[in-house]
Each structure stands twice: as C-alpha cells, then as structure tokens.
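See below for the structure under consideration.
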Amino acid sequence: MSWHNTPIALMAKALAAKEVSSKELTTYFLDRIEAGKRWNAYLDVNAHLSLEQANAADALIAAGKGGKLTGIPVAHKDVFVTRGWKSTAASKMLDGYLSPFDATVVANLGIPSEDNPSGAGMVCLGKTNMDEFAMGSSNENSAYGPVLNPWNAQYVSGGSSGGSAAAVAAGLAPIATGTDTGGSIRQPAAFCSLTGIKPTYGRVSRYGMIAYASSLDQAGPMGKTAEDCAMLLSAMSSHDPRDSTSLADSGEDYGRYLNQPWKEGNTNPGKPLEGLRIGLPKEFFAEGLAQDVANSVNAAAKALQDLGATLIEVSLPKTKLSIPVYYVLAPAEASSNLSRFDGVRYGHRTKEYRDLGDMYQKSRTEGFGAEVRRRILIGAYVLSHGYYDAYYLQAQKIRRIIAADFQAAFNQCDLILGPVAPDVAWRLGEKSKDPVQMYLEDIYTLSTNLAGLPAMSIPCGFNPNNLPIGLQLIGNYFSEARLLQVAHQYQQASDWHLRQASEVA
Amino acid sequence: MKLDDVQRIAHLSRLELNQAEAEAVLPQLQAIFSLVEEMQAVDTTGLEPLAHPILFIRDLAQPLRVDRVSESDHRAENMLSAPAQQDGYFLVPRVIE
C-alpha cells in the first residue's frame with residue numbers, strides 16, 4: 001500500500017477498520033524520511049519517540065478510545081516547541097534547544113495524557129525545516145540549508161513553511177502543520193501543489209509557537225486535500241487561556257459543510273455552488289502576474305462557475321501598499337519579539353565577551369542570520385524616536401483601510417478568488433541577493449494577514465515546466481468551514497491535487 | 001537613511017556591525033525604505049491605528065484568569081537549556097563591581 005499517496009481521511013478509515021496499525025504507518029513514513037533526506041525537509045527526527053507514540057496510539061485504538069485522527073502521523077513545523085524533539089525555528093540561536101513544554105498545537109494533536117486529556121492522538125514524525133524564525137518566502141533563510149522542491153530539486157520549496165510543504169509533497173508525511181504571517185502556509189503549498197489554510201487570526205493558539213510578528217502569526221494545516229485540512233484544523237483550533245489573543249469561539253467542526261451544496265435545499269447535483277458569489281479583485285490580475293499563473297487561476301474560476309458559482313469583479317485598491325505596510329509592521333513586531341534572545345536563559349551564547357553588553361551583542365550577532373538581522377534593524381528603525389508616527393503608526397492606519405476594503409468587497413461577494421503568488425517557484429539562489437525582489441513576491445498573500453482574514457491555497461495547475469500553480473480563496477472572518485467547502489467541491493471536480501511529483505518515488 | 005543611522009539602530013538592537021557589514025546592509029535597507037515611502041502618499045487623517053486585526057470587527061475583552069496557583073515547579077526543566085548556570089540560577093558576567 002502506498003500510504004504516502006493516501007489522504008488522512010482514508011488513513012483514518014483504515015486505522016479504524018484495523019487494516020493497518022499506527023506503528024506500521026509510522027515505520028513506513030520514518031523509512032521514507034530516511035530515504036528522502038535529499039529534500040532537507042526535516043531538522044529533527046527521533047524514530048524511538050515516534051514509535052513510542054505510535055504504540056500508545058495503537059493501544060488507544062485497541063481499547064476503543066481512538067478518535068478520528070488517532071494513530072495518524074503528522075510533521076510539525078520547527079516553529080512549534082515540541083517536547084522530546086529539538087525546537088530551533090531553523091536558527092543557530094536555538095541550536096539544540098529542548099523545550100520543557102509542548103506548544104498548544106502540538107498538545108492538541110498529540111497523544112492524550114493526564115495533562116492533555118483532549119489530545120487527538122496523532123504521532124509526531126519530527127520537526128520540519130523553515131526560514132529562520134519564519135522570515136522568508138523561499139526557505140533559503142534556514143540556518144540548516146534550503147529545502148528543495150519535490151517537483152524539481154533545482155527550485156525553492158517556498159517559505160517559510162517550506163519543510164512542511166516538501167515533506168508532504170515528497171511523501172515524507174501525510175500532513176503537516178505550518179504557520180502563516182504573510183503567506184507562509186499558502187505560498188509553499190502553492191509551490192509544492194498542496195492544500196493549505198490560514199484560519200482567521202485567533203482561531204489557533206499561538207502558545208508555544210516561536211513568535212515572529214504576533215498580530216499576524218497564525219497556524220494552520222498543510223495537506224493533500226481540503227477534507228484533510230478540515231480534519232486537522234478542527235483538532236488544532238481551540239480556545240486557549242494561555243494565549244490572550246485566542247478567540248473564545250474557536251473550536252468547531254470545520255468539515256461540517258464539505259459535502260453540502262452552498263445553498264441549503266439546492267438539489268441540483270451538477271451545480272452544488274449555486275448562489276455562491278465569487279469576487280475577483282482586479283488588482284490581483286494586474287501587471288506582474290505571470291501569464292501561466294493567470295491562465296490556470298482563470299480556468300479554476302471557470303470551473304467554479306461551471307459548478308454554479310457567479311463571478312464578479314471586485315476591487316482591493318490598496319493591494320500594492322500591503323507590501324510596505326507589512327514590511328514595517330512585521331519587522332517592528334519581530335524586533336520586539338526577538339529581543340528575548342540575549343544568551344542568558346536559553347539559546348546561543350558567544351564564547352568570549354568582555355561584559356554583559358558585549359555578551360548580548362556578540363551572542364545575537366552570531367545567533368541570527370542575515371535576513372533576521374535585517375528585519376530587526378528595520379523594526380528598530382521604524383519604532384525609533386522621530387520615525388514612529390511616519391512609519392509604524394502610518395502603517396497601522398493603512399492596515400485599517402486594507403481591512404475596510406475587504407469588507408467593501410464582501411458586500412458584493414461571499415469569497416474572493418485570485419492567485420497565491422505572481423509566479424511559480426523560482427530557482428534556488430535566483431532572488432536571494434535582493435531582499436526587495438523577494439518581498440514583492442508576497443503581494444497577494446500579505447493583505448489577508450493584515451486584516452486577519454482566513455485564506456487558503458489549492459492546487460489548480462502547472463506551468464509548462466511542470467511547476468505547480470496555486471489558487472487562493474479568501475473568506476470573511478470565521479468562514480473557514482465555507483472556504484473548505486468550496487475547495488472540497490472544486491477538488492471533487494478536478495484532479496490537480498492528486499498529481500504526484502515525478503521526482504518522488 | 002545613512003551609515004550613522006545603521007550603526008545607531010544596530011546598537012539599539014544589540015547587534016554588532018563592522019564598517020564593511022554596515023556598508024553592505026545600507027543599500028538593502030535604503031531599497032526597502034524607498035518601498036516604504038509609498039505609504040506617505042496615503043491620506044490617513046482621522047484614522048485610528050489598527051494594532052490587532054480582530055479589533056476591526058469587534059471589541060475584545062481582556063481575558064482574565066482566576067488568581068490562583070496553576071503552575072507546578074518546572075525549575076529543573078527550565079534550566080536545561082541555560083548556557084551557564086549555578087545552584088539553579090542563570091549565570092551572567094559580573095554587572096556590579
């Protein structure tokens with residue numbers, strides 16, 4: 001059985017029917033991880049611990065205490081602190097760091113215990129590579145080397161959740177967790193032909209998620225299908241008293257609409273999306289969008305129209321400005337969040353120093369990579385005396401306009417459709433010398449983080465070089481279940497998400 | 001932004017940049033800030049800054065927990081990743097002579 005081609009929804013059925021054990025599944029993926037090291041998708045693997053969890057999951061299933069996800073393996077982005085595995089955020093600063101506790105996401109998905117009675121019973125396969133502290137769009141900013149794209153090893157996997165994307169695309173995990181601050185779930189999902197969703201800000205706890213930009217960071221699933229993502233998100237999302245930004249109305253069954261028509265009572269099986277109004281922002285199809293990407297995204301819009309949806313043009317006038325707004329606010333929050341790394345309580349400490357100040361300075365300079373240092377400098381500048389109003393406050397005011405523009409669009413439509421990124425994955429090294437060039441690639445994903453809206457990435461085609469193209473769907477606040485419903489209906493009528501990377505055996 | 005600014009913010013950030021590194025990072029920061037300047041053309045008179053996205057749609061109550069001891073002693077685990085320690089304390093260079 002080729003389990004790496006199997007969605008977790010089917011894996012769950014096989015486990016429940018005792019056709020396979022969690023130990024067998026876990027061994028299967030651990031073997032593939034060992035054989036698939038060339039992708040550099042994982043930063044830490046501990047077969048002994050994974051198998052221990054698999055045995056615990058099998059015992060739960062045997063005792064009739066298994067839940068829907070019990071026994072299914074999952075890979076965690078290295079931004080989630082995980083007991084037993086190293087948690088480094090792909091930074092030298094946290095080289096070898098062992099967390100004394102589990103992130104809420106890890107606990108929610110993990111083996112239930114006395115401290116964690118509601119754990120879903122999934123087995124951790126290990127920690128996936130990422131851009132250092134989630135800062136990057138290509139995974140080339142990892143202190144442990146770039147992740148290669150399983151569709152073509154000459155190309156980037158996307159970032160910052162590139163390790164999670166490559167792990168699933170290369171069949172080294174059936175599903176993975178990611179985080180999205182400015183597109184870090186959606187863009188690598190698009191580059192590696194996966195389905196991923198960034199939920200509404202506050203749906204998933206940030207406790208134990210190593211912070212980059214706290215008002216933008218949000219975790220979500222990356223998998224093969226919308227149905228798989230709905231299953232994982234339902235288990236990840238919960239109200240967490242340990243995260244003050246966690247929303248009280250968080251836990252829900254995000255898969256509840258999957259097989260229903262958009263409009264209740266619609267009995268036309270050929271037109272399940274009748275009544276759905278999809279807005280296409282004209283700014284998402286303007287200059288800068290690659291023709292191959294535009295063609296595939298337009299074809300996907302047409303496919304949704306064939307399923308009964310109505311397409312209308314909408315406008316998000318500040319789309320271009322989301323880049324400067326984001327690259328002021330995210331570095332500002334990062335410079336503040338990363339001030340905790342001082343070489344005193346944990347993390348890298350330099351070998352030789354004159355005094356405390358020298359120790360801070362040398363430890364931080366050695367521990368952080370070039371992009372992280374750059375963003376700390378930008379953040380310190382925009383927050384400093386004399387620049388705060390012109391940069392930081394101005395960005396926060398435009399952020400309000402961006403959020404209002406989305407509401408104006410949602411007066412006309414139920415969800416928004418566009419590309420995830422202006423182009424497909426680029427060649428390794430192609431954009432790493434020019435940070436601005438890389439920032440411009442985030443143009444279609446940043447605004448949803450600024451507004452706190454849910455958005456997803458769905459495979460919708462390939463360019464002539466067989467590199468994947470992603471379709472983005474953006475919903476209004478708390479509409480994740482509806483987004484997943486539309487994505488699921490699209491996947492019932494298309495097969496892009498079922499294609500396998502040819503370099504993957 | 002000038003070279004002096006780079007050294008000033010590097011110091012504020014407790015990062016060390018030698019002359020060559022500062023000169024290398026300056027044009028990168030200048031390029032980023034020429035992008036950032038585009039924000040100045042937007043009229044934001046009378047708008048409140050938006051610090052938290054959910055505040056755009058509704059007020060958020062500051063969640064408060066009951067004031068009781070909820071954590072047990074994790075001192076040994078918390079010290080595991082300390083770069084230098086003694087008797088359960090984090091060791092730093094002498095600050096007071």
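All residue names refer to the structure tokens as shown: chains lettered A, B, ... in order, residues numbered from 1 in each chain, ligands numbered from 1 in order.
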Using only C-alpha atoms, which protein or nucleic acid residues come within 8 Å of Val42 (chain B)? Drop anything in the same chain fewer than 3 positions from it, and give the result as a list in words.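 Once the adjacent positions are removed, what remains is Ile398 of chain A; Glu38 and Met39 of chain B.
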Can I get the residues of chain B within 8 Å of chain A, each with the closest pair of atoms and their distance in Å to one decimal, using only C-alpha atoms, sorted chain first then ascending number, as CSV?
```
residue,atom,partner,partner_atom,distance
B:Val6,CA,A:Leu377,CA,7.7
B:Ile9,CA,A:Ala380,CA,6.0
B:Ala10,CA,A:Leu377,CA,6.3
B:Leu12,CA,A:Ala380,CA,7.0
B:Ser13,CA,A:Ala380,CA,6.5
B:Arg14,CA,A:Gln361,CA,4.7
B:Leu15,CA,A:Gln361,CA,5.0
B:Glu16,CA,A:Thr365,CA,5.9
B:Val25,CA,A:Arg374,CA,7.7
B:Gln28,CA,A:Pro435,CA,7.1
B:Leu29,CA,A:Ile378,CA,7.3
B:Ala31,CA,A:Val436,CA,6.9
B:Ile32,CA,A:Val436,CA,6.1
B:Leu35,CA,A:Pro324,CA,6.0
B:Val36,CA,A:Pro324,CA,4.6
B:Glu37,CA,A:Pro324,CA,7.9
B:Glu38,CA,A:Leu321,CA,7.3
B:Met39,CA,A:Leu321,CA,6.8
B:Gln40,CA,A:Ala390,CA,7.5
B:Val42,CA,A:Ile398,CA,7.7
B:Thr44,CA,A:Lys397,CA,6.3
B:Leu47,CA,A:Lys397,CA,5.9
B:Glu48,CA,A:Lys397,CA,5.9
B:Pro49,CA,A:Lys397,CA,4.2
B:Leu50,CA,A:Gln396,CA,5.0
B:Ala51,CA,A:Gln396,CA,6.4
B:His52,CA,A:Ser215,CA,5.7
B:Pro53,CA,A:Gly452,CA,5.0
B:Ile54,CA,A:Gly452,CA,6.7
B:Phe56,CA,A:Arg400,CA,7.3
B:Gln62,CA,A:Ser244,CA,7.2
B:Pro63,CA,A:Ser244,CA,6.4
B:Arg65,CA,A:Pro241,CA,7.7
B:His74,CA,A:Pro100,CA,8.0
B:Glu77,CA,A:Pro100,CA,5.5
B:Asn78,CA,A:Pro100,CA,6.1
B:Met79,CA,A:Arg345,CA,7.5
B:Leu80,CA,A:Leu98,CA,7.6
B:Ser81,CA,A:Tyr346,CA,5.0
B:Ala82,CA,A:Tyr346,CA,4.6
B:Pro83,CA,A:Tyr346,CA,6.1
B:Ala84,CA,A:Val344,CA,7.6
B:Phe90,CA,A:Arg345,CA,6.3
B:Leu91,CA,A:Val344,CA,7.3
B:Val92,CA,A:Val344,CA,6.7
B:Pro93,CA,A:Leu356,CA,5.6
B:Arg94,CA,A:Asp355,CA,7.3
B:Val95,CA,A:Leu356,CA,6.9
```
Backbone-only DSSP, strand (DSSP E or B) members of region 91-163 of chain A, as a PyMOL selection string: chain A and resi 98+123-128+148-149+152-156
Selected residue of minimal separation from Tyr212 (chain A) among A:Gly470, A:Pro112, A:Gly182, A:Gly67, counting only C-alpha atoms: A:Gly182
So that I can see what lies close to Gln187 (chain A), please list as a compact mmCIF listing (two decimals) with C-alpha atoms, in the first residue's frame the residues with an atom at most 12 Å from it, counting only C-alpha atoms and leaving out residues fewer than 4 positions away in the same chain.
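What landed in result_33.txt:
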```txt
# COMPACT_ATOMS: atom_id res chain seq x y z
CA GLY A 136 11.35 34.35 4.24
CA SER A 137 9.46 33.26 1.15
CA SER A 138 11.78 30.54 -0.18
CA ASN A 139 13.19 28.56 2.76
CA VAL A 156 12.78 26.51 -3.98
CA SER A 157 10.03 24.93 -1.91
CA GLY A 158 8.60 28.31 -0.94
CA GLY A 159 8.55 29.63 2.58
CA SER A 160 8.51 29.98 5.34
CA SER A 161 6.76 26.61 5.90
CA GLY A 162 8.84 25.04 3.10
CA SER A 164 6.29 21.09 5.87
CA ALA A 165 5.33 21.60 2.21
CA GLY A 178 2.55 25.32 9.25
CA THR A 179 2.32 28.96 10.22
CA ASP A 180 1.39 31.95 8.08
CA THR A 181 2.44 35.51 8.94
CA GLY A 182 2.39 36.90 5.40
CA GLY A 183 1.70 33.84 3.24
CA PHE A 191 4.80 25.95 -4.90
CA CYS A 192 4.56 22.27 -3.87
CA SER A 193 0.98 21.57 -5.06
CA LEU A 194 -0.66 21.17 -1.66
CA THR A 195 -3.83 22.37 0.01
CA GLY A 196 -3.30 24.69 2.99
CA ILE A 197 -5.38 27.06 5.06
CA LYS A 198 -4.52 30.03 7.24
CA MET A 222 -0.94 21.76 5.04
CA PRO A 419 -3.57 33.67 -7.42
CA VAL A 420 -1.47 32.82 -4.35
CA ALA A 421 1.71 34.24 -5.87
CA PRO A 422 2.65 36.17 -9.03
CA ASP A 423 4.62 33.23 -10.39
CA VAL A 424 5.61 29.61 -9.76
CA ALA A 425 8.61 28.59 -7.62
CA TRP A 426 11.89 30.22 -8.60
CA GLU A 441 6.51 38.07 -4.34
CA ASP A 442 4.22 38.26 -1.28
CA ILE A 443 1.83 40.78 -2.86
CA TYR A 444 -1.31 38.59 -2.95
CA THR A 445 -0.96 37.00 0.48
CA LEU A 446 0.04 39.83 2.86
CA ALA A 455 -7.42 32.27 3.25
CA MET A 456 -6.37 29.09 1.54
CA SER A 457 -4.24 27.70 -1.24
CA ILE A 458 -5.50 24.95 -3.57
CA PRO A 459 -3.61 23.27 -6.45
CA PRO A 468 2.70 23.78 -9.56
CA ILE A 469 0.31 26.76 -9.52
CA GLY A 470 -1.87 27.66 -6.53
CA LEU A 471 -5.36 29.14 -6.40
CA GLN A 472 -6.12 31.41 -3.46
```
